[in-house]
Amino acid sequence: MLQKGHSTTPVWNSLKQPFFRMLWITNVVSLIGTWMHEVGASWLMTTIAPSPFMVAMVQTATTLPFFLLSLPAGALADIFDRRRLLIIAQIWMLCVSVCLGITTVFGLTTPLILLFFTFFLSLGAAINAPAWQAIIPEIVHRDDLPSAITLTSAGFNIARVAGPTLGGIVIAAIGTGATFLLNGASFLGVIIVLKGWKREYKKNTLPEERLIGAIKTGIRYVRNAPQVRAVLIHSIFFSIFSSSLWAFLPIIARKDLGLSSLGYGILMGLFGIGGLSGAALLNLLRNKISLNLLVLTAKIIFALAIISLAYVKSFILLGITMAAGGITWLILLSVFNTVVQSVIPSWVRGRVLSVYLLIFFGGMATGSALCGSMATIGGIPWALTIISLCLIISAIFTLRFKLTSGEGLDLTPSQHWPVLTVSNEPETDEGPVLIIVEYCVEPSQSKEFIQAMKALKTIRRRDGAIKWNLFHEIANPKNYTESFIVESWGEHMRQHERMTVSDHAIWNLARSFHAGSEPQIVKHFIAEDITD
């Protein structure tokens, strides 16, 4: 658990680093352009095809690529140069936006053309997202990571406030096509900054992982990393129930409060302003209370914001509620993002983040459908009441899955493995491979040894083993044999490269129990193909 007093880094401290500052500024500009595009696309569809189905299809075209490409995009972010991948994605989105803008300016955009370009624009965003998240720990010091992630979330809220407003002004003054062209131009700053980034790219001595294998490796890592699983459990419950606010706010603002689009925009703006306040507040709270208590409190406040939608009929009071919701929204997303990035090494960061994004957005989509079904059965106030109660119950339930700050972890590669010399080294794709490690342990230390091996088991499974066992010799109680199977010789060699300094300390602890007079024995076996 993260204890109070963990971080005294000011939230704006990471902006002192020139490259991060330039990247943050250009990204905020790009996000403003994205929100302008969102307004322009929805408005254009209501003009050329005003049916609810076609308007909803714009959102479908926007979100579908994230579900289709989340895992492959995460794998690409790990097996290719992230800088180059980001530049390609940004150029792709620039070209798609400009093409849509030109088509719209000349009056050639049909509903299908709009959906086509929206889908392909979102393809670029889906490829971009995991790589973008994964580079943050590369460009800021580890102590500044929480503030950098908080600032990234704050930048999103700045864009959410400014983008729709500017989009509406541009549509009224120049036309919808201009929002698409301006969105395209907004990618230029990010491209220029990334082009100037002198990223240190370490070339692997082993062949690059294949895409499908890399995806499987990422999923296996998540399945065997308790700290990551804890974040995902918190995220899935929060995303499912928090989606009710976004699902019902437009209807409540229009039908219950009788607000115009301007009034609805003000409520959304107050939510964004609350998010900006949360960026400054988070740093203070992080030093006052524990991480898990902070998350519990924020979830409860957000649940109260949800239930207020059902019963608060005052615009002013609802605006205050929305600001409070914005504060807790930013706190929770920043904490989840910081935790997941603080406990994963660079080699798998893109894949883990892609799973995190898939879980979160999948939860939002599932929650929206659940909210709609519940409102159809019992009405919106009843649905909001039940959902807010479910969020509070889930907040209490998830207390058992402790979030950790990753404080004290050293995730740099240990690079401690000696070169394994064998007379006939297998090809990298040969396998599976069986590795056997023998231990001689004094009976008085057996309990401590088994506890150490439990931690080592997590590392073996997380970094590539598809099966792991610890055997105890019946005839000689001192003798233990660890065995694990890896899919290929190349994957076993990658296990060596993936072990971090903190992992190495656990490995050394397990080895320290070996009390035999002879050196520890390690054997490698390659499977024979005996199929007919």
# chains A, B, ... in the order shown; residues from 1 in each chain; ligands from 1
call {"tool": "residues_around", "arguments": {"residues": "Thr458 in chain A", "least_positions_apart": "4", "cutoff": "10 Å", "atoms": "only C-alpha atoms", "output": "list in words"}}
result
Tyr221, Arg223, Asn224, Ala225, Pro226, Met453, Lys454, Arg462, Asp463, Ala465, Trp468 and Asp503 of chain A
call {"tool": "write_last_selection", "arguments": {"atoms": "C-alpha atoms", "output": "PDB file, in the first residue's frame"}}
result
ATOM      1  CA  TYR A 221       2.021 -11.456 -18.003  1.00  0.00           C
ATOM      2  CA  ARG A 223      -2.651 -13.156 -15.735  1.00  0.00           C
ATOM      3  CA  ASN A 224       0.415 -13.797 -13.544  1.00  0.00           C
ATOM      4  CA  ALA A 225       1.029 -10.272 -12.195  1.00  0.00           C
ATOM      5  CA  PRO A 226      -1.060  -9.734  -9.023  1.00  0.00           C
ATOM      6  CA  MET A 453       9.783 -20.119  -4.397  1.00  0.00           C
ATOM      7  CA  LYS A 454       6.182 -18.885  -4.503  1.00  0.00           C
ATOM      8  CA  ARG A 462       4.837 -13.966 -15.757  1.00  0.00           C
ATOM      9  CA  ASP A 463       7.985 -13.812 -17.907  1.00  0.00           C
ATOM     10  CA  ALA A 465       6.866 -20.194 -18.400  1.00  0.00           C
ATOM     11  CA  TRP A 468       5.877 -24.519 -13.351  1.00  0.00           C
ATOM     12  CA  ASP A 503      13.220  -9.916  -9.789  1.00  0.00           C
TER      13      ASP A 503
END
call {"tool": "residues_around", "arguments": {"residues": "Gly167 in chain A", "least_positions_apart": "3", "cutoff": "8 Å", "atoms": "only C-alpha atoms", "output": "MDAnalysis selection string"}}
result
chainID A and resid 35:37 39:40 163:164 170:171 179
call {"tool": "write_last_selection", "arguments": {"atoms": "C-alpha atoms", "output": "PDB file, in the first residue's frame"}}
result
ATOM      1  CA  TRP A  35     -12.738  17.156 -29.577  1.00  0.00           C
ATOM      2  CA  MET A  36     -13.433  19.678 -32.357  1.00  0.00           C
ATOM      3  CA  HIS A  37     -13.597  16.729 -34.754  1.00  0.00           C
ATOM      4  CA  VAL A  39     -18.361  17.915 -32.432  1.00  0.00           C
ATOM      5  CA  GLY A  40     -17.996  18.371 -36.190  1.00  0.00           C
ATOM      6  CA  GLY A 163     -12.448  21.587 -27.818  1.00  0.00           C
ATOM      7  CA  PRO A 164     -16.264  21.408 -28.020  1.00  0.00           C
ATOM      8  CA  VAL A 170     -15.704  27.153 -35.945  1.00  0.00           C
ATOM      9  CA  ILE A 171     -18.786  25.351 -37.304  1.00  0.00           C
ATOM     10  CA  THR A 179     -13.048  21.433 -37.821  1.00  0.00           C
TER      11      THR A 179
END
call {"tool": "select_by_dssp", "arguments": {"residues": "range 76-282 of chain A", "states": "helix (DSSP H, G or I)", "output": "count of residues only"}}
result
175
call {"tool": "residues_around", "arguments": {"residues": "range 401-411 of chain A", "least_positions_apart": "6", "cutoff": "9 Å", "atoms": "only C-alpha atoms", "output": "number ranges by chain"}}
result
A: 1-3, 6, 226-231, 233-234, 291-292, 335-336, 338-346, 499-503
call {"tool": "residues_around", "arguments": {"residues": "range 64-72 of chain A", "least_positions_apart": "3", "cutoff": "6 Å", "atoms": "only C-alpha atoms", "output": "MDAnalysis selection string"}}
result
chainID A and resid 60:61 75 123 126 354
call {"tool": "write_last_selection", "arguments": {"atoms": "N, CA and C atoms", "output": "PDB file, in the first residue's frame"}}
result
ATOM      1  N   THR A  60     -20.058   4.545 -32.727  1.00  0.00           N
ATOM      2  CA  THR A  60     -19.623   3.163 -32.969  1.00  0.00           C
ATOM      3  C   THR A  60     -18.358   3.130 -33.818  1.00  0.00           C
ATOM      4  N   ALA A  61     -18.336   3.935 -34.866  1.00  0.00           N
ATOM      5  CA  ALA A  61     -17.155   3.995 -35.730  1.00  0.00           C
ATOM      6  C   ALA A  61     -15.937   4.515 -34.979  1.00  0.00           C
ATOM      7  N   ALA A  75       0.963  -4.867 -28.463  1.00  0.00           N
ATOM      8  CA  ALA A  75       2.099  -5.704 -28.877  1.00  0.00           C
ATOM      9  C   ALA A  75       3.032  -4.935 -29.798  1.00  0.00           C
ATOM     10  N   LEU A 123      -8.752   4.220 -36.111  1.00  0.00           N
ATOM     11  CA  LEU A 123      -7.724   3.181 -36.228  1.00  0.00           C
ATOM     12  C   LEU A 123      -6.355   3.738 -35.823  1.00  0.00           C
ATOM     13  N   ALA A 126      -6.246   4.214 -32.112  1.00  0.00           N
ATOM     14  CA  ALA A 126      -6.117   2.940 -31.396  1.00  0.00           C
ATOM     15  C   ALA A 126      -4.669   2.446 -31.406  1.00  0.00           C
ATOM     16  N   SER A 354      -2.438  -1.841 -23.052  1.00  0.00           N
ATOM     17  CA  SER A 354      -3.510  -2.111 -24.006  1.00  0.00           C
ATOM     18  C   SER A 354      -4.604  -2.956 -23.347  1.00  0.00           C
TER      19      SER A 354
END
call {"tool": "residues_around", "arguments": {"residues": "Tyr439 in chain A", "least_positions_apart": "4", "cutoff": "9 Å", "atoms": "only C-alpha atoms", "output": "number ranges by chain"}}
result
A: 478-482, 511, 513-516, 520-521
call {"tool": "residues_around", "arguments": {"residues": "Thr152 in chain A", "least_positions_apart": "5", "cutoff": "9 Å", "atoms": "only C-alpha atoms", "output": "MDAnalysis selection string"}}
result
chainID A and resid 24 27:28 147 157 334
call {"tool": "atom_distance", "arguments": {"atom1": "CA of Leu86 in chain A", "atom2": "CA of Ala131 in chain A"}}
result
6.7 Å
call {"tool": "residues_around", "arguments": {"residues": "Val295 in chain A", "least_positions_apart": "4", "cutoff": "9 Å", "atoms": "only C-alpha atoms", "output": "list in words"}}
result
Ser290, Leu291, Lys299, Ile300, Thr328, Ile331, Leu332, Val335 and Ala395 of chain A
call {"tool": "atom_distance", "arguments": {"atom1": "CA of Ala375 in chain A", "atom2": "CA of Leu330 in chain A"}}
result
26.7 Å
call {"tool": "closest_residue", "arguments": {"among": "A:Gly275, A:Pro111, A:Gly196, A:Pro477", "to": "Val161 in chain A", "atoms": "only C-alpha atoms"}}
result
A:Gly275
call {"tool": "closest_residue", "arguments": {"among": "A:Ala383, A:Arg460, A:Leu309, A:Val29", "to": "Ala162 in chain A", "atoms": "only C-alpha atoms"}}
result
A:Val29
call {"tool": "closest_residue", "arguments": {"among": "A:Glu497, A:Glu38, A:Glu425, A:Asp143", "to": "Ser97 in chain A", "atoms": "only C-alpha atoms"}}
result
A:Glu38
call {"tool": "select_by_dssp", "arguments": {"residues": "range 300-495 of chain A", "states": "strand (DSSP E)", "output": "count of residues only"}}
result
24
call {"tool": "closest_residue", "arguments": {"among": "A:Ile316, A:Ile219, A:Leu389, A:Ile526", "to": "Phe302 in chain A", "atoms": "only C-alpha atoms"}}
result
A:Leu389
